[in-house]
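Chemist: Take a look at protein-v3.txt, compact mmCIF, C-alpha atoms and all ligand atoms:
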```txt
# COMPACT_ATOMS: atom_id res chain seq x y z
CA MET A 1 -77.57 120.18 38.21
CA PRO A 2 -77.86 116.56 37.19
CA GLU A 3 -80.12 114.66 39.58
CA LEU A 4 -80.90 110.97 39.98
CA PRO A 5 -82.49 110.39 36.52
CA GLU A 6 -79.64 112.16 34.73
CA VAL A 7 -76.99 110.31 36.73
CA GLU A 8 -78.73 106.96 36.22
CA THR A 9 -79.09 107.65 32.48
CA THR A 10 -75.37 108.43 32.36
CA ARG A 11 -74.50 105.32 34.40
CA ARG A 12 -76.48 103.05 32.07
CA SER A 13 -74.57 104.48 29.13
CA LEU A 14 -71.22 103.98 30.81
CA VAL A 15 -71.80 100.41 32.05
CA PRO A 16 -71.24 98.72 28.66
CA VAL A 17 -67.94 100.53 28.07
CA MET A 18 -66.58 100.54 31.63
CA GLU A 19 -67.69 97.42 33.48
CA GLY A 20 -65.17 94.60 33.20
CA ARG A 21 -62.65 96.97 31.61
CA ARG A 22 -59.23 97.84 32.92
CA PHE A 23 -58.06 101.44 33.21
CA GLU A 24 -55.01 101.70 30.96
CA SER A 25 -54.55 105.28 32.04
CA VAL A 26 -56.31 107.97 34.04
CA ALA A 27 -55.53 111.60 33.21
CA ILE A 28 -56.61 114.33 35.61
CA ARG A 29 -56.19 117.54 33.62
CA ARG A 30 -57.45 119.81 36.39
CA PRO A 31 -56.18 118.81 39.87
CA ARG A 32 -59.38 120.25 41.32
CA MET A 33 -61.31 117.33 39.78
CA ALA A 34 -59.56 114.98 42.23
CA ARG A 35 -59.99 117.25 45.28
CA ARG A 36 -62.07 114.74 47.26
CA ASN A 37 -59.00 112.58 47.73
CA VAL A 38 -56.60 113.81 50.40
CA ARG A 39 -53.82 113.13 47.91
CA PRO A 40 -55.23 113.78 44.42
CA VAL A 41 -52.48 111.62 42.91
CA ASP A 42 -54.08 108.64 44.68
CA VAL A 43 -56.91 108.73 42.14
CA VAL A 44 -54.49 107.89 39.37
CA ASP A 45 -52.36 105.49 41.43
CA ARG A 46 -55.34 103.52 42.69
CA LEU A 47 -57.10 103.15 39.33
CA GLU A 48 -54.46 102.70 36.67
CA GLY A 49 -53.99 99.08 35.69
CA ARG A 50 -57.03 97.94 37.65
CA ARG A 51 -60.36 96.58 36.45
CA LEU A 52 -63.74 98.15 37.17
CA ASP A 53 -65.98 95.23 38.14
CA ARG A 54 -69.27 97.06 38.61
CA LEU A 55 -70.58 100.59 38.21
CA GLY A 56 -73.52 101.29 40.53
CA ARG A 57 -75.16 104.41 41.87
CA ILE A 58 -76.30 105.94 45.15
CA GLY A 59 -78.32 109.15 44.79
CA LYS A 60 -76.45 111.48 42.46
CA PHE A 61 -73.15 109.59 42.74
CA MET A 62 -71.93 106.81 40.49
CA VAL A 63 -70.12 104.31 42.67
CA GLY A 64 -67.81 101.73 41.15
CA ASP A 65 -66.18 98.58 42.55
CA VAL A 66 -62.59 98.46 41.39
CA GLU A 67 -60.37 95.42 41.97
CA GLY A 68 -58.12 95.78 45.00
CA ASP A 69 -61.00 96.98 47.20
CA ILE A 70 -61.03 100.46 45.71
CA THR A 71 -64.29 102.40 45.42
CA LEU A 72 -64.53 104.77 42.47
CA ILE A 73 -66.86 107.74 42.85
CA LEU A 74 -67.97 109.84 39.88
CA HIS A 75 -69.97 113.02 40.40
CA LEU A 76 -71.29 115.34 37.69
CA GLY A 77 -71.46 118.43 39.91
CA MET A 78 -73.34 121.33 38.33
CA SER A 79 -72.36 120.98 34.71
CA GLY A 80 -70.48 117.72 34.21
CA LYS A 81 -71.21 115.33 31.38
CA PHE A 82 -69.52 112.17 30.23
CA GLN A 83 -68.53 111.37 26.68
CA ILE A 84 -67.51 108.03 25.18
CA LYS A 85 -64.90 108.48 22.44
CA ASP A 86 -62.27 106.50 20.60
CA ILE A 87 -58.64 107.28 21.39
CA GLY A 88 -57.47 110.25 19.36
CA GLU A 89 -60.85 111.81 18.66
CA PRO A 90 -60.69 115.60 19.10
CA GLU A 91 -61.41 116.78 22.60
CA ASP A 92 -64.06 119.29 23.58
CA MET A 93 -63.14 122.26 25.75
CA HIS A 94 -63.19 121.53 29.48
CA THR A 95 -62.32 117.85 29.07
CA ASN A 96 -60.98 117.62 32.59
CA VAL A 97 -60.67 113.88 33.20
CA VAL A 98 -59.96 111.09 30.72
CA PHE A 99 -60.17 107.39 31.54
CA THR A 100 -58.64 105.20 28.83
CA THR A 101 -59.82 101.59 28.92
CA ASP A 102 -58.17 98.45 27.64
CA ALA A 103 -60.82 98.37 24.91
CA GLY A 104 -59.23 101.45 23.37
CA GLN A 105 -61.95 103.85 24.38
CA GLU A 106 -61.82 107.09 26.27
CA ILE A 107 -64.41 107.97 28.88
CA ARG A 108 -64.17 111.75 29.18
CA LEU A 109 -65.60 113.98 31.88
CA VAL A 110 -66.30 117.41 30.41
CA ASP A 111 -67.06 119.91 33.14
CA PRO A 112 -66.81 123.67 32.50
CA ARG A 113 -67.58 124.67 36.09
CA THR A 114 -65.47 121.94 37.73
CA PHE A 115 -67.96 121.19 40.50
CA GLY A 116 -67.86 117.54 39.45
CA PHE A 117 -65.15 115.20 40.66
CA VAL A 118 -63.66 111.73 40.54
CA ALA A 119 -62.46 109.98 43.68
CA ALA A 120 -60.88 106.63 44.50
CA HIS A 121 -61.18 105.47 48.08
CA THR A 122 -59.95 102.63 50.24
CA PRO A 123 -62.54 100.95 52.54
CA GLU A 124 -61.20 102.95 55.51
CA GLU A 125 -61.84 106.26 53.75
CA LEU A 126 -65.42 105.56 52.68
CA GLU A 127 -67.14 106.63 55.89
CA PHE A 128 -65.68 110.12 55.51
CA SER A 129 -66.16 110.32 51.75
CA SER A 130 -68.90 112.11 49.82
CA ILE A 131 -71.09 109.00 49.99
CA GLY A 132 -70.46 108.35 53.69
CA SER A 133 -73.52 110.20 55.02
CA LEU A 134 -75.97 109.62 52.18
CA GLY A 135 -79.50 108.52 53.00
CA PRO A 136 -81.28 105.74 51.11
CA ASP A 137 -81.46 105.98 47.33
CA ALA A 138 -84.73 107.62 46.26
CA LEU A 139 -85.32 105.13 43.45
CA GLU A 140 -83.94 101.83 44.74
CA ALA A 141 -84.43 102.06 48.49
CA LEU A 142 -87.32 104.39 49.25
CA PRO A 143 -88.12 104.06 52.97
CA PRO A 144 -91.64 103.14 54.12
CA VAL A 145 -94.15 105.92 54.93
CA ALA A 146 -93.80 105.32 58.66
CA SER A 147 -90.06 105.94 58.76
CA MET A 148 -90.32 108.98 56.50
CA GLY A 149 -93.03 110.35 58.79
CA LYS A 150 -90.86 109.73 61.82
CA VAL A 151 -88.09 111.93 60.39
CA MET A 152 -90.61 114.67 59.55
CA ALA A 153 -92.49 114.66 62.87
CA GLY A 154 -92.07 117.90 64.81
CA ARG A 155 -89.73 119.40 62.21
CA LYS A 156 -90.20 123.00 61.07
CA VAL A 157 -88.01 122.58 58.00
CA ALA A 158 -89.90 123.11 54.71
CA ILE A 159 -90.75 119.79 53.09
CA LYS A 160 -88.96 120.77 49.88
CA THR A 161 -85.80 121.58 51.82
CA LEU A 162 -86.02 118.18 53.50
CA LEU A 163 -86.49 116.43 50.14
CA LEU A 164 -83.29 118.11 48.95
CA ASP A 165 -81.36 116.92 52.02
CA GLN A 166 -79.27 114.02 50.71
CA ARG A 167 -78.95 112.57 54.22
CA PHE A 168 -82.75 112.12 54.26
CA LEU A 169 -83.11 110.79 50.74
CA ALA A 170 -80.37 110.55 48.12
CA GLY A 171 -81.08 111.61 44.56
CA LEU A 172 -83.64 114.40 44.47
CA GLY A 173 -82.51 117.89 43.46
CA ASN A 174 -84.34 121.11 42.69
CA ILE A 175 -86.13 119.93 39.55
CA TYR A 176 -87.44 116.58 40.72
CA ALA A 177 -88.32 117.81 44.23
CA ASP A 178 -90.64 120.38 42.64
CA GLU A 179 -92.08 117.72 40.34
CA VAL A 180 -92.68 115.31 43.23
CA LEU A 181 -94.45 117.99 45.28
CA SER A 182 -96.58 118.96 42.28
CA ARG A 183 -97.62 115.37 41.69
CA ALA A 184 -98.33 114.93 45.41
CA GLY A 185 -100.37 118.17 45.57
CA ILE A 186 -98.30 119.59 48.44
CA ARG A 187 -96.73 123.05 48.69
CA GLY A 188 -92.95 122.99 49.08
CA ASP A 189 -92.99 125.53 51.91
CA ARG A 190 -95.17 123.40 54.20
CA GLU A 191 -93.45 122.58 57.47
CA SER A 192 -92.50 118.89 57.37
CA GLY A 193 -94.06 118.34 60.79
CA SER A 194 -97.44 119.68 59.58
CA LEU A 195 -97.94 116.92 57.01
CA THR A 196 -100.62 114.31 57.66
CA VAL A 197 -99.90 110.63 57.16
CA ASP A 198 -101.89 110.76 53.91
CA GLU A 199 -99.78 113.68 52.70
CA VAL A 200 -96.54 111.88 53.52
CA ARG A 201 -97.95 108.87 51.68
CA ALA A 202 -98.78 111.05 48.66
CA ILE A 203 -95.24 112.45 48.56
CA ARG A 204 -93.71 109.02 48.89
CA ALA A 205 -96.01 107.66 46.17
CA ALA A 206 -95.01 110.46 43.79
CA ILE A 207 -91.24 109.92 44.05
CA GLY A 208 -90.97 106.66 42.09
CA PRO A 209 -93.22 107.66 39.17
CA VAL A 210 -91.54 111.07 38.79
CA LEU A 211 -88.02 109.61 38.82
CA ARG A 212 -88.94 106.72 36.51
CA ALA A 213 -90.57 109.12 34.05
CA GLY A 214 -87.45 111.30 34.09
CA LEU A 215 -85.32 108.23 33.53
CA LYS A 216 -87.53 106.92 30.72
CA HIS A 217 -86.99 110.15 28.77
CA GLY A 218 -83.24 110.37 29.37
CA GLY A 219 -83.45 113.04 32.07
CA THR A 220 -83.89 116.78 31.86
CA SER A 221 -81.64 119.02 29.76
CA LEU A 222 -82.35 122.67 30.57
CA ASP A 223 -81.65 125.57 28.22
CA ASP A 224 -77.97 125.70 29.16
CA LEU A 225 -77.52 122.08 27.96
CA ALA A 226 -75.18 121.58 30.92
CA TYR A 227 -76.44 118.01 30.99
CA LEU A 228 -76.33 115.82 27.90
CA LEU A 229 -76.32 112.06 27.47
CA PRO A 230 -72.91 110.47 26.78
CA ASP A 231 -73.88 110.14 23.09
CA GLY A 232 -74.48 113.89 22.91
CA ARG A 233 -78.28 113.83 22.90
CA ALA A 234 -80.32 116.07 25.18
CA GLY A 235 -82.60 114.57 27.83
CA GLN A 236 -86.21 114.70 26.66
CA PHE A 237 -88.02 114.99 29.98
CA THR A 238 -87.83 118.80 29.81
CA SER A 239 -91.01 119.10 27.73
CA ARG A 240 -92.91 116.90 30.17
CA LEU A 241 -92.14 118.82 33.36
CA ARG A 242 -95.28 119.67 35.32
CA VAL A 243 -94.03 122.79 37.07
CA TYR A 244 -90.25 123.20 37.05
CA GLY A 245 -89.12 126.12 34.87
CA ARG A 246 -92.74 126.87 33.82
CA GLU A 247 -93.38 130.17 35.61
CA GLY A 248 -96.33 131.98 33.99
CA GLU A 249 -97.36 128.93 31.96
CA HIS A 250 -100.62 127.09 32.57
CA CYS A 251 -100.81 124.24 35.05
CA ARG A 252 -101.39 121.08 33.02
CA THR A 253 -104.11 120.01 35.47
CA CYS A 254 -106.14 123.14 36.26
CA GLY A 255 -104.89 125.92 34.01
CA THR A 256 -103.77 128.24 36.81
CA LEU A 257 -100.53 130.08 36.03
CA ILE A 258 -97.49 128.40 37.57
CA LYS A 259 -95.77 130.48 40.23
CA ARG A 260 -92.10 130.81 41.04
CA THR A 261 -90.96 131.56 44.57
CA VAL A 262 -87.60 131.28 46.27
CA LEU A 263 -87.43 128.67 49.00
CA GLY A 264 -84.25 128.01 50.92
CA GLY A 265 -82.39 130.03 48.30
CA ARG A 266 -83.65 127.84 45.44
CA SER A 267 -86.15 128.67 42.71
CA SER A 268 -89.33 126.74 43.32
CA PHE A 269 -92.18 126.28 40.88
CA TRP A 270 -95.69 125.30 41.88
CA CYS A 271 -99.43 125.61 41.26
CA GLU A 272 -101.28 127.44 44.01
CA THR A 273 -104.54 125.73 43.09
CA CYS A 274 -103.35 122.13 42.96
CA GLN A 275 -100.84 122.28 45.82
CA VAL A 276 -102.03 122.86 49.38
ZN ZN A 301 -102.98 123.39 39.02
```
Show me the file's structure as structure tokens.
Modeler:
Amino acid sequence: MPELPEVETTRRSLVPVMEGRRFESVAIRRPRMARRNVRPVDVVDRLEGRRLDRLGRIGKFMVGDVEGDITLILHLGMSGKFQIKDIGEPEDMHTNVVFTTDAGQEIRLVDPRTFGFVAAHTPEELEFSSIGSLGPDALEALPPVASMGKVMAGRKVAIKTLLLDQRFLAGLGNIYADEVLSRAGIRGDRESGSLTVDEVRAIRAAIGPVLRAGLKHGGTSLDDLAYLLPDGRAGQFTSRLRVYGREGEHCRTCGTLIKRTVLGGRSSFWCETCQV
């Protein structure tokens, strides 16, 4: 599933072709892709003819300011990827949403599993939307150690599970949570409340470098190539992962074989020597 670095990579590719452009038309080919609006037709009605002033991001959501006080939300779900094409270029299978801009380009959301979505909200709807309960962005608004520690204090929840909780911190998913914990030297199954201040500090300190490294290399494209950049290239961070997806391979620090365990229903990869 695309996480913060993949979504930010996608956003940076879309900004030059979407910001300042007007939506000539919006085609929702699968109604399910507009399911986050009470009336899916609102997505089309609220966007067509209007200009996108800015395309930002919170966590794994791209969030756009559209004229008329409309907020556009784009989410890649499990397998969504955007493509930038000229009008009339052949469409790939599972092209489920097509935005046509006044520059004559098509921004296409290709999503075989349809867990992604597009939404268009009025200010009144935002509180109850998918971004209404998000915590601070893990890259742009990382909270200080003290406030992270305050949330963790007394909690039995595994630290990895907490890192995946988008209300705590927005942007980390299964891959980058494992990478952060590896870099911090902490096991993912540790109870959050058992972490010392130094350990919380180590986790916090690992988040920025891990996300920035992922971003620098265009994100992580796994074997299924569910995530690709809008120009069709694969993210190159995959070969630099410390632990994720490397079960049975040697830890890059100590040589111990990387383990895979299931934590909170998710595959988790870690080094039992380096992580305590
Ligand atoms: Zn190790």
Chemist: Could you tell me, counting only C-alpha atoms and all ligand atoms, which protein and nucleic acid residues lie no more than 6 Å from ligand ZN 301 (chain A), written as a ChimeraX atom specification?
Modeler: /A:251,253-256,271,273-274
Chemist: Once you count all atoms listed in the file, which residues end up no further than 10 Å from (-98.5, 116.5, 42.3) in the file's frame, shown as a compact mmCIF listing (two decimals) with C-alpha atoms, keeping the file's coordinate frame?
Modeler:
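selection03.txt, freshly written:
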```txt
# COMPACT_ATOMS: atom_id res chain seq x y z
CA ASP A 178 -90.64 120.38 42.64
CA GLU A 179 -92.08 117.72 40.34
CA VAL A 180 -92.68 115.31 43.23
CA LEU A 181 -94.45 117.99 45.28
CA SER A 182 -96.58 118.96 42.28
CA ARG A 183 -97.62 115.37 41.69
CA ALA A 184 -98.33 114.93 45.41
CA GLY A 185 -100.37 118.17 45.57
CA ILE A 186 -98.30 119.59 48.44
CA ARG A 187 -96.73 123.05 48.69
CA ALA A 202 -98.78 111.05 48.66
CA ILE A 203 -95.24 112.45 48.56
CA ALA A 205 -96.01 107.66 46.17
CA ALA A 206 -95.01 110.46 43.79
CA ILE A 207 -91.24 109.92 44.05
CA VAL A 210 -91.54 111.07 38.79
CA ARG A 242 -95.28 119.67 35.32
CA VAL A 243 -94.03 122.79 37.07
CA THR A 253 -104.11 120.01 35.47
CA TRP A 270 -95.69 125.30 41.88
CA CYS A 271 -99.43 125.61 41.26
CA CYS A 274 -103.35 122.13 42.96
CA GLN A 275 -100.84 122.28 45.82
```
Chemist: Between atom CA of Ile70 of chain A and atom CA of Leu47 of chain A, what is the distance in Å, rounded to a tenth?
Modeler: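 Between atom CA of Ile70 of chain A and atom CA of Leu47 of chain A the gap works out to 8.0 Å.
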Chemist: I want to know what sits within 10 Å of Ile131 of chain A, based on only C-alpha atoms, with residues of the same chain fewer than 6 positions away left out; could you give that as a list in words?
Modeler: Ile58, Gly59, Lys60, Phe61, Met62, Val63, Ile73, Gln166, Arg167 and Ala170 of chain A
Chemist: So that I have them on file, write out the residues from the current selection with C-alpha atoms, as a PDB file, in the frame of the given file.
Modeler:
```pdb
ATOM      1  CA  ILE A  58     -76.300 105.940  45.150  1.00  0.00           C
ATOM      2  CA  GLY A  59     -78.320 109.150  44.790  1.00  0.00           C
ATOM      3  CA  LYS A  60     -76.450 111.480  42.460  1.00  0.00           C
ATOM      4  CA  PHE A  61     -73.150 109.590  42.740  1.00  0.00           C
ATOM      5  CA  MET A  62     -71.930 106.810  40.490  1.00  0.00           C
ATOM      6  CA  VAL A  63     -70.120 104.310  42.670  1.00  0.00           C
ATOM      7  CA  ILE A  73     -66.860 107.740  42.850  1.00  0.00           C
ATOM      8  CA  GLN A 166     -79.270 114.020  50.710  1.00  0.00           C
ATOM      9  CA  ARG A 167     -78.950 112.570  54.220  1.00  0.00           C
ATOM     10  CA  ALA A 170     -80.370 110.550  48.120  1.00  0.00           C
TER      11      ALA A 170
END
```
Chemist: Do you know which residues are at most 12 Å from Pro143 of chain A counting all atoms listed in the file, after dropping those on the same chain fewer than 3 positions away, and could you put them as an mmCIF file with C-alpha atoms, in the coordinates of the input?
Modeler:
```
data_model
loop_
_atom_site.group_PDB
_atom_site.id
_atom_site.type_symbol
_atom_site.label_atom_id
_atom_site.label_comp_id
_atom_site.auth_asym_id
_atom_site.auth_seq_id
_atom_site.Cartn_x
_atom_site.Cartn_y
_atom_site.Cartn_z
ATOM 1 C CA GLY A 135 -79.500 108.520 53.000
ATOM 2 C CA PRO A 136 -81.280 105.740 51.110
ATOM 3 C CA ASP A 137 -81.460 105.980 47.330
ATOM 4 C CA ALA A 138 -84.730 107.620 46.260
ATOM 5 C CA LEU A 139 -85.320 105.130 43.450
ATOM 6 C CA GLU A 140 -83.940 101.830 44.740
ATOM 7 C CA ALA A 146 -93.800 105.320 58.660
ATOM 8 C CA SER A 147 -90.060 105.940 58.760
ATOM 9 C CA MET A 148 -90.320 108.980 56.500
ATOM 10 C CA GLY A 149 -93.030 110.350 58.790
ATOM 11 C CA LYS A 150 -90.860 109.730 61.820
ATOM 12 C CA VAL A 151 -88.090 111.930 60.390
ATOM 13 C CA PHE A 168 -82.750 112.120 54.260
ATOM 14 C CA LEU A 169 -83.110 110.790 50.740
ATOM 15 C CA ALA A 170 -80.370 110.550 48.120
ATOM 16 C CA VAL A 200 -96.540 111.880 53.520
ATOM 17 C CA ARG A 201 -97.950 108.870 51.680
ATOM 18 C CA ILE A 203 -95.240 112.450 48.560
ATOM 19 C CA ARG A 204 -93.710 109.020 48.890
ATOM 20 C CA ALA A 205 -96.010 107.660 46.170
ATOM 21 C CA ILE A 207 -91.240 109.920 44.050
ATOM 22 C CA GLY A 208 -90.970 106.660 42.090
#
```
Chemist: Determine the nearest neighbour of Glu6 of chain A from the options A:Pro144, A:Gly77, A:Gly154, A:Gly68, counting all atoms listed in the file.
Modeler: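 Closest candidate: A:Gly77.
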Chemist: What's the separation between atom CA of Arg240 of chain A and atom CA of Leu222 of chain A, in Å to one decimal place?
Modeler: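 Atom CA of Leu222 of chain A lies at a distance of 12.0 Å from atom CA of Arg240 of chain A.
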Chemist: Need the shell around segment 50-57 of chain A: protein/DNA/RNA residues with any atom at most 7 Å away, counting only C-alpha atoms. Skip same-chain ones fewer than 4 positions apart. Format as a VMD selection string?
Modeler: chain A and resid 15 18 to 23 61 to 67
Chemist: Around (-65.0, 109.3, 50.8), as given in the file, which residues come within 9 Å? Count all atoms listed in the file and list them as a ChimeraX atom specification.
Modeler: /A:36-37,71,73,119-132
Chemist: Convert the current residue selection to file output with C-alpha atoms, as an mmCIF file, in the frame of the given file.
Modeler:
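File part.cif, as written:
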```
data_model
loop_
_atom_site.group_PDB
_atom_site.id
_atom_site.type_symbol
_atom_site.label_atom_id
_atom_site.label_comp_id
_atom_site.auth_asym_id
_atom_site.auth_seq_id
_atom_site.Cartn_x
_atom_site.Cartn_y
_atom_site.Cartn_z
ATOM 1 C CA ARG A 36 -62.070 114.740 47.260
ATOM 2 C CA ASN A 37 -59.000 112.580 47.730
ATOM 3 C CA THR A 71 -64.290 102.400 45.420
ATOM 4 C CA ILE A 73 -66.860 107.740 42.850
ATOM 5 C CA ALA A 119 -62.460 109.980 43.680
ATOM 6 C CA ALA A 120 -60.880 106.630 44.500
ATOM 7 C CA HIS A 121 -61.180 105.470 48.080
ATOM 8 C CA THR A 122 -59.950 102.630 50.240
ATOM 9 C CA PRO A 123 -62.540 100.950 52.540
ATOM 10 C CA GLU A 124 -61.200 102.950 55.510
ATOM 11 C CA GLU A 125 -61.840 106.260 53.750
ATOM 12 C CA LEU A 126 -65.420 105.560 52.680
ATOM 13 C CA GLU A 127 -67.140 106.630 55.890
ATOM 14 C CA PHE A 128 -65.680 110.120 55.510
ATOM 15 C CA SER A 129 -66.160 110.320 51.750
ATOM 16 C CA SER A 130 -68.900 112.110 49.820
ATOM 17 C CA ILE A 131 -71.090 109.000 49.990
ATOM 18 C CA GLY A 132 -70.460 108.350 53.690
#
```
Chemist: Please provide the set of residues having any atom within 10 Å of segment 106-113 of chain A, restricted to all atoms listed in the file, with same-chain residues fewer than 2 positions apart removed, written as a VMD selection string.
Modeler: chain A and resid 14 17 to 18 23 to 28 33 74 to 89 91 to 104 115 to 118 226 to 227 230
Chemist: When distances are computed from only C-alpha atoms, which of A:Gly193, A:Gly232, A:Gly218, A:Gly245 shows the smallest separation from Asn174 of chain A?
Modeler: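 Smallest distance to Asn174 of chain A is found for A:Gly245.
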Chemist: Could you please determine the separation between atom CA of Leu172 of chain A and atom CA of Val276 of chain A in Å, to one decimal place?
Modeler: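 Atom CA of Leu172 of chain A sits 20.8 Å away from atom CA of Val276 of chain A.
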Chemist: Could you work out an axis-aligned box for segment 229-234 of chain A, taking every atom the file lists and adding 8 Å on each side, and report centre and edge lengths in Å to one decimal, as JSON?
Modeler:
```
{"center_x": -76.6, "center_y": 113.1, "center_z": 25.2, "size_x": 23.4, "size_y": 21.9, "size_z": 20.6}
```
Chemist: Counting only C-alpha atoms, which of A:Ala234, A:Leu228, A:Leu72, A:Leu164 gets nearest to Glu48 of chain A?
Modeler: A:Leu72
Chemist: Select, from A:Ala177, A:Arg11, A:Thr196, A:Gly171, the residue with the minimum atom-to-atom distance to Ala141 of chain A, counting only C-alpha atoms.
Modeler: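 Of the candidates, the smallest distance to Ala141 of chain A is held by A:Gly171.
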Chemist: Using all atoms listed in the file, which of the listed residues (A:Asp189, A:Asp45, A:Asp165, A:Glu3) sits closest to Val262 of chain A?
Modeler: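 Comparing A:Asp189, A:Asp45, A:Asp165, A:Glu3 against Val262 of chain A, the winner is A:Asp189.
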Chemist: So which residues touch Val157 of chain A within 9 Å, counting only C-alpha atoms, skipping near sequence neighbours fewer than 5 positions away, as a ChimeraX atom specification?
Modeler: /A:152,162,189-193
